[in-house]
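Notes for the one structure printed next.
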Amino acid sequence: LMNLTRKLIEIRSMLLSIDQSDALKLPSIVVIGSQSSGKSSVLEAIVGHEFLPKGNNMVTRRPIELTLVHTFSTDGKTPVEYGEFPALGLGKITDFSVIQRTLTDLNLAVPASEAVSPEPIDLRIYSPNVPDLTLIDLPGYIQLASLDQPDSLKEKIAALCDKYIREPNIVLAVCAADVDLANSPALRASRKVDPLGLRTIGVITKMDLVPAEQGAGILAGNRYPLHLGYVGVVTKSAKRSKKDSTALTVQKGEHEYFGAHSDVFGSSTSLMVGTDTLRRRLMEVLESSMASSLHGITNAVQLELEEATYQFKVQYNDRRITAESYVAETMDALKLRFKEFTQQFRRPVIREKLKGMLDDKVMDVLEQLYWLDKRAPELGNIAADPRLKPEDIEPYWRHKLEAASSLLTKSGVGRDSTLLVADGLRALIDSIASGEPFTFHPRASERLIQFSHMILRDRIGVASDQVENCIKPYKYEIEVEDREWEQGRERAIDLFEKEVVMCETKLKDIRKKVGGSRRLGGLVNYVKSLEEKEREKKAKRLEGGPSDESPESPEPTPESYRYPPAQVLDARHAILYTDRLNILRLRLTALRSKRCRAGPQSDVFCPEAFLNVVADKLAYTSAMFISIELLDQFFYQFPREIDSRLLYDLDRNEIVEFARENPVVRRHLDLQDRKDKLEEVMKQLNSLSTLRADPQPAPRRH
Ligand code: GDP
């Protein structure tokens with residue numbers, strides 16, 4: 001039978017780890033009593049060591065789940081007696097004063113405002129001197145809360161105790177001999193849930209404080225009969241000093257006391273006295289209670305197991321996962337996803353993107369150097385009229401072309417193109433890091449972003465310098481072949497046509513917005529006349545002539561009110577687009593002219609074609625070196641960083657934590673874990689069936 005309790009205690013802690021529902025509970029002994037009733041002394045006498053927190057202030061603030069495991073000292077290597085806090089991972093603690101300090105700390109960690117916490121402390125004590133028992137120590141009942149304790153404390157403690165003294169637990173009601181049993185809060189609480197006293201044991205402490213006959217009267221239990229009886233103890237002799245309160249002296253004191261009163265408590269009587277008797281009694285009671293719970297718990301576990309097995313089949317088709325497999329799959333998926341995305345960064349794609357950026361630059365250069373030039377029409381004329389002699393105007397425009405080419409090649413292409421591609425990579429990583437399943441893993445997502453940005457930061461400088469170096473020759477000389485020229489010319493035409501369409505669309509939008517072309521025409525004329533006036537005024541001021549209006553506060557002319565300011569702005573835009581359209585159309589004609597088609601020798605008159613060729617050469621070279629210096633490096637390093645910074649960096653706990661961040665995985669793991677544990681418990685319960693004992697509670701000792 002010894003074996004049975006021991007096994008069932010193990011099973012009990014497994015069941016506790018499965019869930020806290022009452023259905024899956026094996027009995028434990030719950031120790032209740034009012035403050036100073038001697039509750040701690042009783043527990044310490046059972047364990048044989050002082051280990052519970054002491055102090056005037058209420059120190060038991062959390063339930064202590066105390067599991068005693070009887071050990072058989074054999075090899076002499078492992079410590080004979082030690083305690084363990086499984087939740088804290090402190091290892092075997094052989095010094096019981098360390099256990100005491102740890103318990104005190106754990107209790108004091110409960111904020112004073114809460115005073116008690118229902119969160120139990122798990123403590124196991126291994127010793128050859130303890131029986132196999134599970135005991136739960138609860139905060140002592142108090143009469144009145146002291147000034148620094150919340151008013152609700154009394155109710156809070158009572159509620160916590162009520163939760164624990166429910167079936168199937170056994171109640172150990174601790175009462176002091178010198179206090180009337182009628183006033184014992186422990187007995188009162190127990191009677192509420194166990195009116196017949198079937199699962200309550202009374203412990204009468206401080207037997208030495210009342211006359212022996214009176215003590216014996218209490219133990220006889222005639223006033224408040226308990227089926228499991230009362231045990232009388234002396235756990236602390238009133239004479240002894242606090243210092244030598246070891247188990248031995250406690251026992252000695254107790255022996256002395258009961259020995260001295262053997263006439264009253266002699267072995268011939270039916271009274272139970274002494275800590276040894278209490279220990280034995282608790283073992284018997286727990287054993288028989290466990291034994292009688294066995295059948296019920298086996299059925300309950302069976303039902304739960306069937307349900308869990310069914311759910312596991314239905315929800316997951318019996319597919320098993322582990323936190324490790326989830327982490328590995330997630331990382332593989334991440335790499336795969338990344339690899340798919342890298343298709344967007346193949347060299348032709350990059351070249352196309354860079355070309356787009358350079359085309360914009362070319363447009364800017366053209367606008368700056370050509371379109372605003374008063375001599376611009378010359379270029380159109382010469383392209384259109386083959387009879388005109390180029391030599392007359394060439395030097396001026398040769399100079400312009402060189403300036404334009406230089407503006408383009410020295411515009412920081414290395415930096416701009418590298419940053420453009422790096423931004424693309426960053427956006428790609430950000431999109432991966434903010435998508436599933438990283439929505440569940442904010443820390444991993446942050447790390448992913450961090451290390452990819454770090455790789456980029458490391459490479460950007462090198463790559464941009466490298467590109468800048470390789471386009472250096474173009475800053476001095478650019479040779480254009482016929483074929484390149486023709487392609488450049490066609491691409492320029494293409495671009496301009498697109499630009500024309502864009503301007504036309506904008507104009508159309510403005511027209512629609514202001515209410516038709518007529519109205520827009522009126523607006524434009526109005527704005528132009530305003531500008532004309534402005535110019536005149538400015539000219540006058542520059543001449544130093546007297547002005548009839550002060551410039552700071554111009555008299556509002558009635559005209560100023562003719563159009564709302566937003567429409568005036570629209571008109572200004574319309575003027576800009578119209579001007580641009582005119583130029584674009586002129587230049588398109590030029591680009592299509594015979595002179596431009598003739599070849600690279602016409603570069604001076606067809607700067608658009610020439611600059612397009614330059615932009616293309618720059619894009620080609622940049623794409624090549626960005627691929628080598630930035631992309632290849634990044635694509636090589638990224639999957640390796642995933643391994644070293646996301647995967648291998650995690651210890652076992654972090655892997656579990658990571659997997660459980662995903663609610664889908666967490667549910668899966670939880671159910672699987674529950675099923676596994678239930679299976680294990682079931683296996684153990686089945687192996688016990690041979691040991692199954694008499695399901696009746698142990699009879700009272702005679
Ligand atoms: P708890 O508050 O219920 O845990 O009670 P304690 O175990 O701390 O004991 C309260 C007080 O009663 C302490 O001062 C103990 O020394 C004293 N005490 C405990 N057991 C006995 C006993 O058997 N005899 C006497 N005379 N005093 C005891």
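Letters for chains follow the order of the structure tokens (A, B, ...), residue numbers begin at 1 for each chain, and ligand numbers begin at 1 in the order shown.
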Could you report the residues within 7 Å of ligand 1, using only C-alpha atoms and all ligand atoms, as a short mmCIF file (atom, residue, chain, number, x, y, z; two decimals) with N, CA and C atoms, in the first residue's frame?
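Final output, saved to pocket-v7.cif:
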data_model
loop_
_atom_site.label_atom_id
_atom_site.label_comp_id
_atom_site.auth_asym_id
_atom_site.auth_seq_id
_atom_site.Cartn_x
_atom_site.Cartn_y
_atom_site.Cartn_z
N GLY A 33 -6.13 26.54 10.01
CA GLY A 33 -6.12 26.84 11.44
C GLY A 33 -5.98 28.34 11.59
N SER A 34 -6.35 28.84 12.76
CA SER A 34 -6.21 30.29 12.91
C SER A 34 -4.76 30.62 13.19
N GLN A 35 -4.46 31.90 13.02
CA GLN A 35 -3.09 32.35 13.28
C GLN A 35 -2.68 31.99 14.70
N SER A 36 -1.46 31.54 14.85
CA SER A 36 -0.90 31.18 16.16
C SER A 36 -1.51 29.93 16.78
N SER A 37 -2.27 29.20 16.00
CA SER A 37 -2.83 27.96 16.55
C SER A 37 -1.75 26.89 16.65
N GLY A 38 -0.59 27.14 16.00
CA GLY A 38 0.50 26.18 16.02
C GLY A 38 0.59 25.37 14.74
N LYS A 39 -0.01 25.91 13.69
CA LYS A 39 -0.07 25.26 12.38
C LYS A 39 1.34 25.01 11.83
N SER A 40 2.16 26.06 11.84
CA SER A 40 3.52 25.91 11.31
C SER A 40 4.30 24.89 12.12
N SER A 41 4.14 24.95 13.43
CA SER A 41 4.88 24.01 14.28
C SER A 41 4.49 22.58 13.96
N VAL A 42 3.21 22.33 13.67
CA VAL A 42 2.77 20.98 13.34
C VAL A 42 3.43 20.50 12.04
N LYS A 54 8.72 32.74 9.39
CA LYS A 54 8.31 33.15 10.74
C LYS A 54 8.18 34.66 10.79
N GLY A 140 -3.16 31.45 7.69
CA GLY A 140 -3.97 31.23 8.89
C GLY A 140 -5.17 32.17 8.95
N THR A 205 -3.15 21.23 19.29
CA THR A 205 -1.78 21.64 19.63
C THR A 205 -1.75 22.19 21.05
N LYS A 206 -0.55 22.40 21.50
CA LYS A 206 -0.31 23.04 22.81
C LYS A 206 -1.00 22.28 23.95
N MET A 207 -0.96 20.96 23.84
CA MET A 207 -1.58 20.13 24.87
C MET A 207 -0.99 20.44 26.25
N ASP A 208 0.29 20.90 26.25
CA ASP A 208 0.97 21.17 27.51
C ASP A 208 0.39 22.39 28.23
N LEU A 209 -0.44 23.15 27.55
CA LEU A 209 -0.95 24.37 28.16
C LEU A 209 -2.26 24.17 28.93
N VAL A 233 -0.93 16.96 20.16
CA VAL A 233 0.53 17.09 20.05
C VAL A 233 1.07 18.20 20.94
N VAL A 234 2.33 18.06 21.24
CA VAL A 234 3.06 19.17 21.87
C VAL A 234 4.23 19.45 20.95
N THR A 235 4.14 20.52 20.19
CA THR A 235 5.19 20.75 19.20
C THR A 235 6.19 21.76 19.69
N LYS A 236 5.89 22.41 20.77
CA LYS A 236 6.86 23.35 21.30
C LYS A 236 6.67 23.41 22.79
N SER A 237 7.72 23.02 23.53
CA SER A 237 7.59 23.11 24.98
C SER A 237 7.66 24.57 25.37
N ALA A 238 6.78 24.96 26.29
CA ALA A 238 6.73 26.37 26.71
C ALA A 238 8.04 26.79 27.35
#
**OP:** Write down as number ranges by chain the residues belonging to range 386-526 of chain A that are assigned helix (DSSP H, G or I) by DSSP computed on the backbone.
**Re:** A: 390-392, 394-409, 413-433, 442-470, 472-475, 482-514, 517-526
Subject >> A:Arg124, A:Arg101, A:Arg61, A:Arg426 ranked by distance to Phe341 in chain A, top pick (using only C-alpha atoms) >> reply: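 Nearest to Phe341 in chain A: A:Arg426.
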Original post:
What residues in range 130-320 of chain A get the DSSP label strand (DSSP E)? Please answer as a ChimeraX atom specification.
Top reply: /A:133-137,170-176,200-205,230-232,272-273
Residue subset to file, keeping C-alpha atoms, as a compact mmCIF listing (two decimals), in the first residue's frame:
# COMPACT_ATOMS: atom_id res chain seq x y z
CA LEU A 133 2.37 12.85 1.84
CA THR A 134 0.98 15.88 0.12
CA LEU A 135 0.05 18.77 2.36
CA ILE A 136 -1.22 22.19 1.48
CA ASP A 137 -0.39 24.95 3.93
CA ILE A 170 -8.73 15.89 3.55
CA VAL A 171 -8.96 18.70 6.06
CA LEU A 172 -6.42 18.95 8.81
CA ALA A 173 -8.03 21.34 11.27
CA VAL A 174 -5.46 22.73 13.67
CA CYS A 175 -6.83 23.94 17.02
CA ALA A 176 -4.95 24.99 20.15
CA THR A 200 -11.59 16.02 8.68
CA ILE A 201 -8.83 15.24 11.16
CA GLY A 202 -8.48 17.42 14.20
CA VAL A 203 -5.04 18.29 15.53
CA ILE A 204 -4.99 19.68 19.02
CA THR A 205 -1.78 21.64 19.63
CA TYR A 230 -8.33 14.06 16.96
CA VAL A 231 -4.59 13.81 17.53
CA GLY A 232 -3.01 15.70 20.38
CA MET A 272 -4.15 9.46 19.70
CA VAL A 273 -1.20 11.54 20.85
**OP:** Identify which of the residues A:Asp360, A:Glu65, A:Glu306, A:Glu402 lies closest to Leu678 in chain A, counting only C-alpha atoms when measuring atom-to-atom distances.
**Re:** A:Glu306
